[in-house]
Each structure stands twice: as C-alpha cells, then as structure tokens.
$ cat target-v6.pdb   # PDB, C-alpha atoms
ATOM      1  CA  MET A   1       0.000   0.000   0.000  1.00  0.00           C
ATOM      2  CA  THR A   2       1.375   3.410  -0.920  1.00  0.00           C
ATOM      3  CA  THR A   3       0.597   6.700   0.704  1.00  0.00           C
ATOM      4  CA  SER A   4      -0.015   9.748  -1.415  1.00  0.00           C
ATOM      5  CA  PRO A   5       2.072  12.811  -0.462  1.00  0.00           C
ATOM      6  CA  GLU A   6      -0.886  14.823   0.845  1.00  0.00           C
ATOM      7  CA  TYR A   7      -1.636  12.028   3.334  1.00  0.00           C
ATOM      8  CA  ALA A   8       1.947  11.257   4.288  1.00  0.00           C
ATOM      9  CA  PRO A   9       2.554  11.293   8.032  1.00  0.00           C
ATOM     10  CA  VAL A  10       4.136  14.461   9.368  1.00  0.00           C
ATOM     11  CA  ASP A  11       7.153  14.141  11.640  1.00  0.00           C
ATOM     12  CA  THR A  12       6.231  16.361  14.588  1.00  0.00           C
ATOM     13  CA  ARG A  13       9.682  15.830  16.102  1.00  0.00           C
ATOM     14  CA  GLU A  14      11.411  17.954  13.493  1.00  0.00           C
ATOM     15  CA  GLU A  15      14.579  19.594  14.708  1.00  0.00           C
ATOM     16  CA  ARG A  16      13.675  22.876  16.365  1.00  0.00           C
ATOM     17  CA  VAL A  17      15.916  25.864  15.875  1.00  0.00           C
ATOM     18  CA  PRO A  18      16.301  27.840  19.116  1.00  0.00           C
ATOM     19  CA  ALA A  19      14.250  31.021  19.119  1.00  0.00           C
ATOM     20  CA  THR A  20      15.992  34.386  19.059  1.00  0.00           C
ATOM     21  CA  VAL A  21      15.531  36.872  21.895  1.00  0.00           C
ATOM     22  CA  ALA A  22      13.327  38.973  19.576  1.00  0.00           C
ATOM     23  CA  GLN A  23      11.147  35.919  18.830  1.00  0.00           C
ATOM     24  CA  LEU A  24      10.893  35.109  22.543  1.00  0.00           C
ATOM     25  CA  GLU A  25       9.923  38.710  23.291  1.00  0.00           C
ATOM     26  CA  GLU A  26       7.244  38.431  20.591  1.00  0.00           C
ATOM     27  CA  GLU A  27       6.004  35.205  22.244  1.00  0.00           C
ATOM     28  CA  GLY A  28       5.780  37.057  25.549  1.00  0.00           C
ATOM     29  CA  ASP A  29       3.819  39.906  23.980  1.00  0.00           C
ATOM     30  CA  VAL A  30       1.373  37.547  22.246  1.00  0.00           C
ATOM     31  CA  ALA A  31       0.988  35.524  25.449  1.00  0.00           C
ATOM     32  CA  ALA A  32       0.393  38.671  27.505  1.00  0.00           C
ATOM     33  CA  ASP A  33      -2.358  39.787  25.112  1.00  0.00           C
ATOM     34  CA  PHE A  34      -3.974  36.355  25.346  1.00  0.00           C
ATOM     35  CA  ILE A  35      -3.749  36.212  29.151  1.00  0.00           C
ATOM     36  CA  GLU A  36      -5.062  39.783  29.488  1.00  0.00           C
ATOM     37  CA  GLY A  37      -8.087  38.758  27.425  1.00  0.00           C
ATOM     38  CA  LEU A  38      -8.711  35.746  29.663  1.00  0.00           C
ATOM     39  CA  LEU A  39      -8.333  37.827  32.816  1.00  0.00           C
ATOM     40  CA  ASP A  40     -10.815  40.383  31.441  1.00  0.00           C
ATOM     41  CA  ILE A  41     -13.348  37.656  30.596  1.00  0.00           C
ATOM     42  CA  ALA A  42     -13.004  36.154  34.090  1.00  0.00           C
ATOM     43  CA  ASP A  43     -13.029  39.617  35.716  1.00  0.00           C
ATOM     44  CA  ILE A  44      -9.732  38.906  37.487  1.00  0.00           C
ATOM     45  CA  ASP A  45      -7.287  41.707  38.224  1.00  0.00           C
ATOM     46  CA  GLY A  46      -3.637  40.922  37.629  1.00  0.00           C
ATOM     47  CA  ASP A  47      -0.405  42.656  36.722  1.00  0.00           C
ATOM     48  CA  LEU A  48       1.636  41.031  33.958  1.00  0.00           C
ATOM     49  CA  ASP A  49       5.423  40.840  33.891  1.00  0.00           C
ATOM     50  CA  LEU A  50       7.340  39.563  30.852  1.00  0.00           C
ATOM     51  CA  ASP A  51      10.864  38.163  30.849  1.00  0.00           C
ATOM     52  CA  VAL A  52      13.167  36.128  28.602  1.00  0.00           C
ATOM     53  CA  ARG A  53      15.656  33.750  30.203  1.00  0.00           C
ATOM     54  CA  ALA A  54      17.208  30.356  29.517  1.00  0.00           C
ATOM     55  CA  GLY A  55      15.787  30.261  25.992  1.00  0.00           C
ATOM     56  CA  ARG A  56      12.167  30.698  27.114  1.00  0.00           C
ATOM     57  CA  ALA A  57       9.634  33.465  27.382  1.00  0.00           C
ATOM     58  CA  TYR A  58       8.249  33.851  30.905  1.00  0.00           C
ATOM     59  CA  VAL A  59       4.919  35.509  31.659  1.00  0.00           C
ATOM     60  CA  SER A  60       4.034  36.151  35.282  1.00  0.00           C
ATOM     61  CA  VAL A  61       0.642  37.251  36.535  1.00  0.00           C
ATOM     62  CA  GLU A  62       0.831  38.889  39.940  1.00  0.00           C
ATOM     63  CA  ALA A  63      -2.061  40.034  42.061  1.00  0.00           C
ATOM     64  CA  PRO A  64      -2.378  43.698  42.897  1.00  0.00           C
ATOM     65  CA  ALA A  65      -3.207  44.451  46.538  1.00  0.00           C
ATOM     66  CA  ASP A  66      -6.886  43.608  46.072  1.00  0.00           C
ATOM     67  CA  GLY A  67      -6.503  41.121  43.201  1.00  0.00           C
ATOM     68  CA  SER A  68      -8.142  37.742  42.781  1.00  0.00           C
ATOM     69  CA  VAL A  69      -5.359  35.936  40.893  1.00  0.00           C
ATOM     70  CA  ASP A  70      -5.311  33.091  43.414  1.00  0.00           C
ATOM     71  CA  LEU A  71      -8.618  31.931  41.880  1.00  0.00           C
ATOM     72  CA  ILE A  72      -6.559  30.598  38.943  1.00  0.00           C
ATOM     73  CA  ALA A  73      -3.232  29.845  40.673  1.00  0.00           C
ATOM     74  CA  ALA A  74      -3.779  26.123  41.367  1.00  0.00           C
ATOM     75  CA  PRO A  75      -1.019  24.066  39.668  1.00  0.00           C
ATOM     76  CA  ASP A  76      -3.391  22.153  37.367  1.00  0.00           C
ATOM     77  CA  THR A  77      -5.117  25.374  36.334  1.00  0.00           C
ATOM     78  CA  VAL A  78      -1.797  27.104  35.630  1.00  0.00           C
ATOM     79  CA  GLN A  79      -0.651  24.102  33.575  1.00  0.00           C
ATOM     80  CA  ALA A  80      -3.871  24.156  31.535  1.00  0.00           C
ATOM     81  CA  LEU A  81      -3.664  27.921  30.997  1.00  0.00           C
ATOM     82  CA  GLN A  82      -0.015  27.564  30.005  1.00  0.00           C
ATOM     83  CA  GLU A  83      -0.928  24.990  27.345  1.00  0.00           C
ATOM     84  CA  LEU A  84      -3.745  27.195  26.014  1.00  0.00           C
ATOM     85  CA  THR A  85      -1.387  30.168  25.941  1.00  0.00           C
ATOM     86  CA  ARG A  86       1.271  28.160  24.102  1.00  0.00           C
ATOM     87  CA  ILE A  87      -1.320  27.160  21.492  1.00  0.00           C
ATOM     88  CA  ALA A  88      -2.394  30.797  21.084  1.00  0.00           C
ATOM     89  CA  VAL A  89       1.247  31.864  20.669  1.00  0.00           C
ATOM     90  CA  GLN A  90       1.940  29.085  18.172  1.00  0.00           C
ATOM     91  CA  ASN A  91      -1.204  29.968  16.224  1.00  0.00           C
ATOM     92  CA  ARG A  92      -0.140  33.611  16.018  1.00  0.00           C
ATOM     93  CA  THR A  93       3.610  33.148  15.388  1.00  0.00           C
ATOM     94  CA  GLY A  94       3.674  29.828  13.548  1.00  0.00           C
ATOM     95  CA  ARG A  95       6.411  28.585  15.896  1.00  0.00           C
ATOM     96  CA  PHE A  96       6.395  25.998  18.687  1.00  0.00           C
ATOM     97  CA  SER A  97       6.434  27.755  22.054  1.00  0.00           C
ATOM     98  CA  ARG A  98       8.090  26.653  25.296  1.00  0.00           C
ATOM     99  CA  LEU A  99       6.623  29.620  27.154  1.00  0.00           C
ATOM    100  CA  ILE A 100       6.403  29.405  30.944  1.00  0.00           C
ATOM    101  CA  LEU A 101       3.399  30.872  32.738  1.00  0.00           C
ATOM    102  CA  ASP A 102       3.461  31.734  36.424  1.00  0.00           C
ATOM    103  CA  ILE A 103       0.336  32.862  38.224  1.00  0.00           C
ATOM    104  CA  GLY A 104       0.539  34.292  41.715  1.00  0.00           C
ATOM    105  CA  GLY A 105       3.851  32.579  42.490  1.00  0.00           C
ATOM    106  CA  SER A 106       2.573  29.141  41.454  1.00  0.00           C
ATOM    107  CA  ARG A 107       5.938  28.163  39.932  1.00  0.00           C
ATOM    108  CA  ASP A 108       7.827  28.863  43.161  1.00  0.00           C
ATOM    109  CA  ALA A 109       5.194  26.951  45.132  1.00  0.00           C
ATOM    110  CA  ARG A 110       5.472  24.000  42.720  1.00  0.00           C
ATOM    111  CA  GLN A 111       9.277  24.065  42.909  1.00  0.00           C
ATOM    112  CA  ASN A 112       9.011  23.827  46.698  1.00  0.00           C
ATOM    113  CA  GLU A 113       6.627  20.848  46.343  1.00  0.00           C
ATOM    114  CA  LEU A 114       9.017  19.160  43.906  1.00  0.00           C
ATOM    115  CA  THR A 115      11.933  19.735  46.294  1.00  0.00           C
ATOM    116  CA  VAL A 116      10.004  17.939  49.049  1.00  0.00           C
ATOM    117  CA  LEU A 117       9.151  15.120  46.621  1.00  0.00           C
ATOM    118  CA  VAL A 118      12.824  14.711  45.627  1.00  0.00           C
ATOM    119  CA  ASP A 119      13.957  14.789  49.264  1.00  0.00           C
ATOM    120  CA  ARG A 120      11.472  12.008  50.117  1.00  0.00           C
ATOM    121  CA  ALA A 121      12.731   9.950  47.165  1.00  0.00           C
ATOM    122  CA  ILE A 122      16.329  10.428  48.296  1.00  0.00           C
ATOM    123  CA  ALA A 123      15.323   9.324  51.801  1.00  0.00           C
ATOM    124  CA  ARG A 124      14.036   6.058  50.235  1.00  0.00           C
ATOM    125  CA  LEU A 125      17.453   5.630  48.589  1.00  0.00           C
ATOM    126  CA  ASP A 126      19.135   6.288  51.934  1.00  0.00           C
ATOM    127  CA  ASP A 127      16.893   3.567  53.415  1.00  0.00           C
ATOM    128  CA  GLY A 128      18.271   1.043  50.904  1.00  0.00           C
ATOM    129  CA  ALA A 129      16.155   1.359  47.759  1.00  0.00           C
ATOM    130  CA  SER A 130      18.142   1.026  44.535  1.00  0.00           C
ATOM    131  CA  GLN A 131      16.008   3.652  42.784  1.00  0.00           C
ATOM    132  CA  ALA A 132      13.030   5.877  43.468  1.00  0.00           C
ATOM    133  CA  SER A 133      10.365   6.729  40.903  1.00  0.00           C
ATOM    134  CA  LEU A 134       8.431   9.969  40.979  1.00  0.00           C
ATOM    135  CA  PRO A 135       4.930  10.442  39.572  1.00  0.00           C
ATOM    136  CA  ALA A 136       4.373  11.570  35.988  1.00  0.00           C
ATOM    137  CA  MET A 137       4.781  15.296  35.438  1.00  0.00           C
ATOM    138  CA  SER A 138       5.256  17.922  32.745  1.00  0.00           C
ATOM    139  CA  SER A 139       8.564  18.390  30.936  1.00  0.00           C
ATOM    140  CA  TYR A 140       9.155  21.652  32.799  1.00  0.00           C
ATOM    141  CA  GLU A 141       8.589  19.956  36.152  1.00  0.00           C
ATOM    142  CA  ARG A 142      10.899  17.071  35.167  1.00  0.00           C
ATOM    143  CA  LYS A 143      13.580  19.641  34.268  1.00  0.00           C
ATOM    144  CA  VAL A 144      13.189  21.230  37.705  1.00  0.00           C
ATOM    145  CA  VAL A 145      13.427  17.761  39.306  1.00  0.00           C
ATOM    146  CA  HIS A 146      16.580  16.901  37.311  1.00  0.00           C
ATOM    147  CA  ASP A 147      18.182  20.145  38.515  1.00  0.00           C
ATOM    148  CA  ILE A 148      17.257  19.492  42.169  1.00  0.00           C
ATOM    149  CA  VAL A 149      18.504  15.896  41.958  1.00  0.00           C
ATOM    150  CA  ALA A 150      21.830  17.016  40.454  1.00  0.00           C
ATOM    151  CA  GLU A 151      22.239  19.607  43.233  1.00  0.00           C
ATOM    152  CA  ARG A 152      21.793  16.788  45.767  1.00  0.00           C
ATOM    153  CA  GLY A 153      24.523  14.708  44.068  1.00  0.00           C
ATOM    154  CA  PHE A 154      22.245  12.026  42.601  1.00  0.00           C
ATOM    155  CA  VAL A 155      21.332  11.147  39.013  1.00  0.00           C
ATOM    156  CA  SER A 156      17.939  11.050  37.359  1.00  0.00           C
ATOM    157  CA  GLU A 157      16.436   9.933  34.083  1.00  0.00           C
ATOM    158  CA  SER A 158      13.006  10.294  32.541  1.00  0.00           C
ATOM    159  CA  TYR A 159      11.059   7.261  31.340  1.00  0.00           C
ATOM    160  CA  GLY A 160       7.726   6.693  29.646  1.00  0.00           C
ATOM    161  CA  GLU A 161       5.788   8.491  26.969  1.00  0.00           C
ATOM    162  CA  GLY A 162       3.386  11.411  26.926  1.00  0.00           C
ATOM    163  CA  ALA A 163       1.323  11.925  30.062  1.00  0.00           C
ATOM    164  CA  ASP A 164       2.994   8.876  31.688  1.00  0.00           C
ATOM    165  CA  ARG A 165       6.544  10.288  31.464  1.00  0.00           C
ATOM    166  CA  HIS A 166       8.146  10.256  34.902  1.00  0.00           C
ATOM    167  CA  THR A 167      11.542  10.584  36.584  1.00  0.00           C
ATOM    168  CA  VAL A 168      13.598   7.870  38.282  1.00  0.00           C
ATOM    169  CA  ILE A 169      16.318   8.836  40.771  1.00  0.00           C
ATOM    170  CA  ARG A 170      19.436   6.754  41.574  1.00  0.00           C
ATOM    171  CA  ARG A 171      22.753   7.180  43.315  1.00  0.00           C
ATOM    172  CA  GLY A 172      25.520   8.600  41.113  1.00  0.00           C
TER
END
$ encode --input "target-v6.pdb" --output "structure tokens"
Amino acid sequence: MTTSPEYAPVDTREERVPATVAQLEEEGDVAADFIEGLLDIADIDGDLDLDVRAGRAYVSVEAPADGSVDLIAAPDTVQALQELTRIAVQNRTGRFSRLILDIGGSRDARQNELTVLVDRAIARLDDGASQASLPAMSSYERKVVHDIVAERGFVSESYGEGADRHTVIRRG
C-alpha cells in the first residue's frame, strides 16, 4: 500500500531551531495579550510581567493588593492555561512555544513541592532502595526535578511516553 504525499505522516519531532531573543519577546507579547483577554473575561485583576531567560519566554501574573489571581493559581489550572497560551502563541507566530506561565507565584510553590518530593525519594534511597520513581509530570517539572537531583549529588532519568513520562532517581 502506498501513501499519497498529501496524506503522508508528518514528523512532529522535526529539529527545532532555538528562538531568538526577539522571537521570545514576541512570544511574551502575544501571550500577555492572550492572558489579558482571559483575565478580562473572568473579571480577574492581575499585573503582567514579561521576561526572557534560559531560551524561554516567561509571563508572570501577579495580584495587585486587592486582586483575585489566586482563583486561577492552582497548579493544574496554571498548567492548563499555560498549554492554552502556548497554542495561542503558536497559532499567532507559527512557531512551537516553550513559554512558561506563572500565576501568583505558582511556579515557586510548585518548585518547593518538587523539592520535598525529591527529598522524600532520596530518603528512600538512603533507606536502601536502589532507585526511586516519581509520579508523571510535565517536561518543565521534570527539568526542575533533574536540577534538584543534580544539586543533591544524585542522578535522574526520565522514562515513559506522553502523560505517563516520569523521573527515576538513583545514586551517582
């Protein structure tokens, strides 16, 4: 059976060229417009801050003194809004986006949770386990975990596919 060119499978893992600072700034601007629209629809007050670091655009939504940003600051909500924002950015720019969204300090809170999770896993290794598996998480969260694990002097690898991808920690 042959496949005609218009129905040929598309390789979605094509090599991605790193975005320039100007492209990342554009991503941040597009994302900010999208988030502002969502905040307006939900009648939530928030101040936006844009940044570019480590090859990613970062958009932070902070609550003014009387703001209600914490209504959307739960980790699962932030993750969902981040994915929607990435899709909006990709739709507008035509480029894959690795944008990071932080709402009301949710990223710092999640990093603290991941630190506790890693420390518990390391305690299992100290108690004699040969390895410790963590639950499935996003690629950004796995990156944070890998960094924490390396700081602690251990090694980690990711296993699995898609939503089941998780991190396993071992001694170095």
$ axis_aligned_box --input "target-v6.pdb" --around "stretch 31-42 of chain A" --padding-each-side "3 Å" --output "JSON"
{"center_x": -6.2, "center_y": 38.0, "center_z": 29.6, "size_x": 20.3, "size_y": 10.9, "size_z": 15.0}
$ closest_residue --input "target-v6.pdb" --among "A:Pro75, A:Gly46, A:Gly105, A:Gly55" --to "A:Pro18" --atoms "only C-alpha atoms"
A:Gly55
$ resolve_selection --input "target-v6.pdb" --expression "the PyMOL selection byres ((chain A and resi 68) around 10)" --output "ChimeraX atom specification"
/A:39,43-46,62-67,69-73,104
$ residues_around --input "target-v6.pdb" --residues "stretch 108-116 of chain A" --least-positions-apart "6" --cutoff "8 Å" --atoms "all atoms listed in the file" --output "VMD selection string"
chain A and resid 75 141 144 to 145 148
$ resolve_selection --input "target-v6.pdb" --expression "the PyMOL selection byres ((chain A and resi 162-166) around 7)" --output "PDB file with C-alpha atoms, keeping the file's coordinate frame"
ATOM      1  CA  LEU A 134       8.431   9.969  40.979  1.00  0.00           C
ATOM      2  CA  PRO A 135       4.930  10.442  39.572  1.00  0.00           C
ATOM      3  CA  ALA A 136       4.373  11.570  35.988  1.00  0.00           C
ATOM      4  CA  MET A 137       4.781  15.296  35.438  1.00  0.00           C
ATOM      5  CA  SER A 158      13.006  10.294  32.541  1.00  0.00           C
ATOM      6  CA  TYR A 159      11.059   7.261  31.340  1.00  0.00           C
ATOM      7  CA  GLY A 160       7.726   6.693  29.646  1.00  0.00           C
ATOM      8  CA  GLU A 161       5.788   8.491  26.969  1.00  0.00           C
ATOM      9  CA  THR A 167      11.542  10.584  36.584  1.00  0.00           C
ATOM     10  CA  VAL A 168      13.598   7.870  38.282  1.00  0.00           C
TER      11      VAL A 168
END
$ atom_distance --input "target-v6.pdb" --atom1 "atom CA of A:Glu26" --atom2 "atom CA of A:Ala54"
15.6 Å
$ resolve_selection --input "target-v6.pdb" --expression "the PyMOL selection byres ((chain A and resi 84) around 12)" --output "list in words"
Ala31, Phe34, Ile35, Leu38, Thr77, Val78, Gln79, Ala80, Leu81, Gln82, Glu83, Thr85, Arg86, Ile87, Ala88, Val89, Gln90, Asn91, Ser97, Arg98, Leu99, Ile100 and Leu101 of chain A
$ write_last_selection --input "target-v6.pdb" --atoms "C-alpha atoms" --output "short mmCIF file (atom, residue, chain, number, x, y, z; two decimals), in the coordinates of the input"
data_model
loop_
_atom_site.label_atom_id
_atom_site.label_comp_id
_atom_site.auth_asym_id
_atom_site.auth_seq_id
_atom_site.Cartn_x
_atom_site.Cartn_y
_atom_site.Cartn_z
CA ALA A 31 0.99 35.52 25.45
CA PHE A 34 -3.97 36.35 25.35
CA ILE A 35 -3.75 36.21 29.15
CA LEU A 38 -8.71 35.75 29.66
CA THR A 77 -5.12 25.37 36.33
CA VAL A 78 -1.80 27.10 35.63
CA GLN A 79 -0.65 24.10 33.58
CA ALA A 80 -3.87 24.16 31.54
CA LEU A 81 -3.66 27.92 31.00
CA GLN A 82 -0.02 27.56 30.00
CA GLU A 83 -0.93 24.99 27.34
CA THR A 85 -1.39 30.17 25.94
CA ARG A 86 1.27 28.16 24.10
CA ILE A 87 -1.32 27.16 21.49
CA ALA A 88 -2.39 30.80 21.08
CA VAL A 89 1.25 31.86 20.67
CA GLN A 90 1.94 29.08 18.17
CA ASN A 91 -1.20 29.97 16.22
CA SER A 97 6.43 27.76 22.05
CA ARG A 98 8.09 26.65 25.30
CA LEU A 99 6.62 29.62 27.15
CA ILE A 100 6.40 29.40 30.94
CA LEU A 101 3.40 30.87 32.74
#
$ atom_distance --input "target-v6.pdb" --atom1 "atom CA of A:Asp40" --atom2 "atom CA of A:Leu24"
24.0 Å
$ residues_around --input "target-v6.pdb" --residues "stretch 117-123 of chain A" --least-positions-apart "5" --cutoff "9 Å" --atoms "all atoms listed in the file" --output "ChimeraX atom specification"
/A:112,128-129,131-134,145,148-149,152,154,169-171
$ build_atoms --input "target-v6.pdb" --residues "stretch 39-50 of chain A" --atoms "all heavy atoms" --output "compact mmCIF listing (two decimals), in the coordinates of the input"
# COMPACT_ATOMS: atom_id res chain seq x y z
N LEU A 39 -8.10 37.17 31.53
CA LEU A 39 -8.33 37.83 32.82
C LEU A 39 -9.54 38.76 32.74
O LEU A 39 -10.34 38.82 33.67
CB LEU A 39 -7.09 38.59 33.27
CG LEU A 39 -5.86 37.76 33.63
CD1 LEU A 39 -4.67 38.66 33.95
CD2 LEU A 39 -6.14 36.82 34.78
N ASP A 40 -9.66 39.49 31.63
CA ASP A 40 -10.82 40.38 31.44
C ASP A 40 -12.12 39.60 31.42
O ASP A 40 -13.09 39.98 32.08
CB ASP A 40 -10.68 41.20 30.15
CG ASP A 40 -9.63 42.30 30.25
OD1 ASP A 40 -9.21 42.63 31.38
OD2 ASP A 40 -9.23 42.81 29.19
N ILE A 41 -12.14 38.49 30.68
CA ILE A 41 -13.35 37.66 30.60
C ILE A 41 -13.74 37.13 31.97
O ILE A 41 -14.91 37.12 32.34
CB ILE A 41 -13.13 36.48 29.62
CG1 ILE A 41 -13.06 36.99 28.18
CG2 ILE A 41 -14.24 35.43 29.76
CD1 ILE A 41 -12.57 35.96 27.18
N ALA A 42 -12.74 36.71 32.76
CA ALA A 42 -13.00 36.15 34.09
C ALA A 42 -13.14 37.23 35.16
O ALA A 42 -13.39 36.91 36.32
CB ALA A 42 -11.89 35.18 34.47
N ASP A 43 -12.96 38.49 34.78
CA ASP A 43 -13.03 39.62 35.72
C ASP A 43 -12.05 39.43 36.88
O ASP A 43 -12.39 39.55 38.05
CB ASP A 43 -14.46 39.81 36.23
CG ASP A 43 -14.64 41.18 36.88
OD1 ASP A 43 -13.91 42.13 36.50
OD2 ASP A 43 -15.49 41.29 37.78
N ILE A 44 -10.81 39.10 36.52
CA ILE A 44 -9.73 38.91 37.49
C ILE A 44 -8.69 39.98 37.25
O ILE A 44 -8.25 40.19 36.11
CB ILE A 44 -9.10 37.50 37.35
CG1 ILE A 44 -10.13 36.42 37.69
CG2 ILE A 44 -7.85 37.37 38.21
CD1 ILE A 44 -9.65 35.01 37.44
N ASP A 45 -8.32 40.67 38.32
CA ASP A 45 -7.29 41.71 38.22
C ASP A 45 -5.92 41.06 38.40
O ASP A 45 -5.72 40.27 39.31
CB ASP A 45 -7.48 42.77 39.30
CG ASP A 45 -8.74 43.59 39.08
OD1 ASP A 45 -9.07 43.84 37.90
OD2 ASP A 45 -9.38 43.97 40.07
N GLY A 46 -4.99 41.43 37.51
CA GLY A 46 -3.64 40.92 37.63
C GLY A 46 -2.67 41.81 36.88
O GLY A 46 -3.04 42.42 35.87
N ASP A 47 -1.47 41.90 37.37
CA ASP A 47 -0.40 42.66 36.72
C ASP A 47 0.50 41.66 36.01
O ASP A 47 0.93 40.67 36.61
CB ASP A 47 0.39 43.45 37.76
CG ASP A 47 -0.45 44.48 38.48
OD1 ASP A 47 -1.35 45.06 37.84
OD2 ASP A 47 -0.24 44.68 39.69
N LEU A 48 0.80 41.93 34.74
CA LEU A 48 1.64 41.03 33.96
C LEU A 48 3.07 41.52 33.91
O LEU A 48 3.33 42.72 33.81
CB LEU A 48 1.09 40.90 32.53
CG LEU A 48 0.00 39.86 32.37
CD1 LEU A 48 -1.30 40.36 32.93
CD2 LEU A 48 -0.15 39.48 30.94
N ASP A 49 4.00 40.57 33.99
CA ASP A 49 5.42 40.84 33.89
C ASP A 49 5.99 39.87 32.86
O ASP A 49 5.71 38.66 32.93
CB ASP A 49 6.09 40.64 35.26
CG ASP A 49 7.56 40.99 35.23
OD1 ASP A 49 7.93 41.98 34.57
OD2 ASP A 49 8.36 40.26 35.86
N LEU A 50 6.75 40.38 31.91
CA LEU A 50 7.34 39.56 30.85
C LEU A 50 8.85 39.51 31.04
O LEU A 50 9.47 40.49 31.41
CB LEU A 50 7.02 40.14 29.48
CG LEU A 50 5.56 40.46 29.18
CD1 LEU A 50 5.42 41.08 27.80
CD2 LEU A 50 4.72 39.22 29.29
